[in-house]
Amino acid sequence: MRFQISANPGRGIRVIPEIPAFDLCHVEGRNGVGKSLALRLLELCSGVQPYANAVAEWRSLRESLGSVIVTATSLVGAERLEWELTPNEWPKRPERVDDWLGQVTVDGEPQSLDRAYGLLRFSRIAGDETLTRTIARQVQTNAELVYTWAERLSPVLSNWDVELRNLSNELAVDAWDDLERAPLRIEELGEELASREREYEALVGELAPLRRALQLRRACEEVPALDERAVSAAAELVENEQRQQELEARRSELLTEAMTAGRARDRLDEMERLITHRTKRVRNASLRATELAAASKAPSTAPELTALIETEGRHRDALVLERTRLDATPALRTVAERLAEDLDQALDRGLANEVVAVVDNREVTVHQLADGVERQLEALSKQPVDERTAELDAEVGKSTAHLQALSELADAVRRADRARELLDEARREQQSLQEELAADAPKEYAALASALSELREDELHLRETVQQLERDREALGGRRAVEEIRAELSELLRELDLNVDEVAPRIRVLEEDEAAANHELERLRDDLASEGETLAAARAAFRRAIAALARSAHWEWLRQAINGAAPDPSLDVQVNLERLRALGTAVDHAAERLNNLRNGLPGVGRQIEELANAIDSRSSVPARVSAGLVRHFERELLSAFDQPELRTALFNRGQLSRIDLDQMTISWTAAGGDLRTRPFEAFSSGERVFAYTRARLEALGATPAQNHVVALDEFGAYVARDRLDELVRFVEHRVLGELATQVVIVLPLARDYVRERERAGDSADSVLKDRARAILQQGYFAEPFIASA
Amino acid sequence: VPLEEVSRVKQLLTAFAEAAGADEAVVPDPTLFDLAAEHDERDHRVLATLIADALSDQR
C-alpha cells in the first residue's frame with residue numbers, strides 16, 4: 001500500500017511525504033524529518049488515538065499541523081482512500097477518534113469513518129516499549145479518559161446545577177420560617193398589647209379622680225378671684241358701652257352742626273358703619289374660633305394648628321397603611337371594581353372573546369377575566385374582618401373626625417384673622433379720611449373719633465376677657481359656688497384617702513408610669529405592625545412559589561418527576577409548606593450529587609495519573625491513590641496480559657495469577673505447579689524485550705479490515721544489538737501475509753550515506769547513490785527491506 | 001455516546017466509590033455519571049431522577 005501525506009505544518013513540525021507500497025518496507029532517515037508523525041497520523045486515520053497519554057503533544061499538534069491530506073493507494077477493496085484532516089477542529093483533549101477527524105472519500109465518494117476502518121487498519125509497535133511502560137501507558141490512558149469525560153460533562157453539570165439553583169430560589173425558602181413564626185409572634189404581641197392596654201386603662205382610671213381633685217383644688221383657689229374679675233370686667237364693659245353712646249351722640253351733634261354734606265364726610269360716615277359692622281364680625285369669629293378650640297382641646301393660632309393637622313394627618317395615614325397591610329380587601333375591592341367597570345364596557349363593545357392577557361402562557365379573554373373578577377368581588381365582599389382590623393377601622397374613624405374638627409377650627413381661625421385684617425384696614429382708611437378733614441373739621445370731632453376708636457378697641461378686649469373668664473369658670477366647676485366645689489373636693493379626697501397636698505406628687509408619679517406605659521404601647525404596636533408586614537410578605541412569596549411550581553410550564557418536568565407531591569394552591573398551607581421543605585432538601589441532595597460528580601471526576605483522573613507515574617518511575621504507589629482503583633487496574637491488567645502469545649513468550653506458558661501494583665510484581669503458576677513472582681523490571685532485559693515485542697506482534701491477531709499495515713518504530717536499539725535480522729525473519733515468516741498485508745520498519749539513520757557516496761565517487765553502487773540522493777533531498781529514504789542491509 | 005468509554009469510566013468510579021472511606025470529601029456517583037453521560041444538558045430527565053431519588057430517600 002502506498003501512503004502519501006500532503007501537509008504544510010508550522011512551528012518546526014515535519015512529516016515525511018510518502019511511504020511506498022513495498023510489502024516489507026524499509027524507511028530510514030534523519031531524526032526530526034517526521035517519520036513517527038507520519039505513522040501516528042496513519043494510526044489516527046484508522047481510528048486509533050496514539051496521543052491518549054500525551055496531552056501536551058496533542059495540543060501542540062492540533063495548533064501547528066494545519067490541514068493534511070492523506071492518500072492510500074494500491075490497496076485491496078478500493079483504488080483510492082483519502083482523508084482530509086482538519087486539526088484546528090479537533091477536540092482539545094486527545095479523545096477517541098470520531099467524526100471530528102475530518103472528511104473521508106473512497107474512490108472519490110464521501111464515506112463514513114467506519115467504511116475507512118473496514119478498508120485499513122494501521123498498527124504501530126514501538127521497539128522501546130517495556131512491560132513496565134506498557135502497564136503505565138494503559139493506566140494513563142484511563143486517566144486521560146476520565147479527564148476527557150470530566151471536561152465534557154462539566155458544562156452540562158454546571159447547567160443542571162444552575163437549574164437546581166433556580167428551583168431552590170423558586171421555593172421561597174426565606175419565607176418558610178416567617179410563615180410559621182410570625183403568626184405565633186403576632187398572637188404573643190397581641191396578647192401582650194391587650195394586657196398593656198388594660199394596665200394603661202387602669203392607670204388612666206386611677207389618674208382621673210386625682211386630676212379631678214387637682215382641678216377642684218384649683219377651682220377653690222381661683223374661683224373667687226375669677227368671679228371678682230368677671231364682675232369687674234362686666235362693669236367695665238357696661239361703662240365702656242355707655243361712654244361710647246355718649247361720644248356717638250356728641251359726634252352726631254357735631255356732624256349735624258359743623259359739617260356740611262360732602263363726599264368725604266359721607267365716606268367717613270360709611271366708614272364708621274363699616275367699622276361697627278366689622279367689629280361685630282371680629283367678635284363673632286373670635287368667639288366661634290375660641291369655642292371650637294376649646295371643643296377640640298387645640299390651640300387657636302394658625303401656625304400651631306397647621307402643625308397639628310399635619311401630625312394628625314400622618315397618624316391617620318399610618319393607620320390606613322397598617323389597615324391595608326393587615327387586610328388588603330378594601331384596596332383589592334377598589335381595584336377589582338374599577339377593573340369590572342372597564343371589562344363591562346369592553347363586553348358592551350363586543351370584545352368578549354378577545355384575548356386581554358396572557359398568564360403562564362395561557363391566553364385569557366375579556367369574558368373570562370370579567371367572570372373571574374366578578375367572582376373575586378363576591379368573595380371579597382364575604383371576607384370576614386378580624387379583631388385588630390376592626391380596632392384599626394375605629395381608630396381611623398376617630399382620627400378622621402378629629403382631623404375634620406381641626407380643619408373646621410382652622411377655617412374659623414382663618415375667618416377671625418381675616419376679619420381682624422379687614423377691621424384694621426377700615427380703621428386705617430378712617431384715620432386717613434380724618435386726616436383729610438382735619439384742616440377744616442373741628443378739633444373736637446377728631447378727638448371724639450379717636451376716643452371712640454380706643455373705646456371700641458377696649459370693648460373688644462373686654463368682651464374677649466369676659467368670654468375667657470366664663471370659660472375658665474366653666475372649667476373650674478361650672479356655675480357652682482365655691483362651697484359646693486369644696487364639698488366635692490372633700491368627698492373625693494376622702495374616697496382617695498389622701499390629703500390635698502398629696503394629690504400633685506401622686507399625680508406626678510402616676511404620670512411617669514402613664515408615659516412609660518404609653519411608650520411601651522407604641523413599641524408593641526410598631527412590633528405588631530412590623531410582624532404583620534413580615535407575615536404578609538412571607539405569605540405573598542409563598543403563594544407565588546406555590547403558583548409557579550404548580551402551574552408554570554418551566555417546572556413541568558419537576559411536576560412529572562415528583563408525581564403528586566408537587567405544591568398545589570388548593571392544598572392547606574401546612575401541607576404545601578411540608579412539600580416545599582421536602583423539595584428543598586431534595587434539591588440540596590441533588591445539587592450535592594451533581595457537584596460531587598463535577599468536582600470528583602478530575603480528582604479520580606489525578607489519582608489514576610499518579611498511579612501511572614508511580615509505575616512508570618518504578619516508585620511506590622502514593623497512599624492517597626484509592627486502593628479500589630489500584631485493585632481495579634490489577635484485575636484489568638491481569639486480564640489484558642492473560643493472552644496465549646504473552647504467556648508463551650514471557651511466562652513459559654504458565655497461568656497468570658496476579659499483578660501487584662503496590663509491589664510492581666507479576667505472579668504466575670508455572671507448568672509444574674510452582675508459584676512464581678517476578679518484578680516488572682525483570683521483563684526489561686534485551687532478550688525479554690525482544691520476546692515481548694514478538695508477543696505483541698503475535699497478539700495483534702486477525703482484523704476485519706481488508707488491509708492491515710504494521711509499522712515497527714523506534715527499533716534503533718535492535719540495529720545496535722544486531723537483532724534486526726532476527727526480527728525481520730520473524731516478521732517475514734510469522735507476520736507478513738498471516739497477520740499483516742504490509743510491514744514498515746522505520747529506523748534512524750544508521751550510516752552517513754551522503755559522505756560514503758562522496759568518498760565512493762564513481763565506484764558507488766546504485767543503492768548508495770539512491771539513498772544519498774534521497775537523504776539530501778528529503779532527509780530519509782524508503783525502499784524494499786533487504787535483510788543484509 | 002461511546003458506550004464502551006462510558007462503561008469504562010463507570011467501572012473506575014465504582015471501584016473508587018466502593019473503596020472510599022467516610023473521610024473521602026468528594027465521591028463521584030457512578031450511576032449519576034452513567035445517567036449524565038447519556039443525556040443532553042437540555043434534557044431534564046437527569047434532574048428529575050435526582051429529585052425523585054432524593055424525595056424517595058426522605059421517605
# chains A, B, ... in the order shown; residues from 1 in each chain; ligands from 1
call {"tool": "interface_residues", "arguments": {"of": "chain B", "to": "chain A", "cutoff": "8 Å", "atoms": "only C-alpha atoms", "output": "ChimeraX atom specification"}}
result
/B:5,9,12-13,15-20,26-29,32-33,36-37,40-41,44-45,47-52,54-55,58
call {"tool": "residues_around", "arguments": {"residues": "A:Ala116", "least_positions_apart": "4", "cutoff": "8 Å", "atoms": "only C-alpha atoms", "output": "PyMOL selection string"}}
result
chain A and resi 46+81+104+106+111-112+120
call {"tool": "write_last_selection", "arguments": {"atoms": "C-alpha atoms", "output": "short mmCIF file (atom, residue, chain, number, x, y, z; two decimals), in the first residue's frame"}}
result
data_model
loop_
_atom_site.label_atom_id
_atom_site.label_comp_id
_atom_site.auth_asym_id
_atom_site.auth_seq_id
_atom_site.Cartn_x
_atom_site.Cartn_y
_atom_site.Cartn_z
CA SER A 46 -7.51 4.03 11.02
CA LEU A 81 -8.71 6.09 0.03
CA VAL A 104 -13.06 10.60 4.11
CA VAL A 106 -13.31 6.23 -1.05
CA GLN A 111 -17.81 7.91 3.09
CA SER A 112 -18.09 7.34 6.82
CA LEU A 120 -7.50 -0.10 6.57
#
call {"tool": "residues_around", "arguments": {"residues": "A:Pro17", "least_positions_apart": "5", "cutoff": "10 Å", "atoms": "only C-alpha atoms", "output": "list in words"}}
result
Phe3, Gln4, Ile5, Ser6, Ala7, Val33, Gly34, Lys35, Ala38, Val70 and Gln778 of chain A
call {"tool": "select_by_dssp", "arguments": {"residues": "stretch 593-738 of chain A", "states": "helix (DSSP H, G or I)", "output": "PyMOL selection string"}}
result
chain A and resi 593-616+627-641+644-651+680-683+686-699+716-720+724-735
call {"tool": "residues_around", "arguments": {"residues": "stretch 129-138 of chain A", "least_positions_apart": "4", "cutoff": "6 Å", "atoms": "only C-alpha atoms", "output": "JSON, numbers by chain"}}
result
{"A": [612, 615, 616, 680, 684]}
call {"tool": "atom_distance", "arguments": {"atom1": "atom CA of A:Leu535", "atom2": "atom CA of A:Gln574"}}
result
14.7 Å
call {"tool": "residues_around", "arguments": {"residues": "stretch 292-309 of chain A", "least_positions_apart": "5", "cutoff": "12 Å", "atoms": "only C-alpha atoms", "output": "ChimeraX atom specification"}}
result
/A:285-287,314-316,399-418,467-468,471-472,474-475
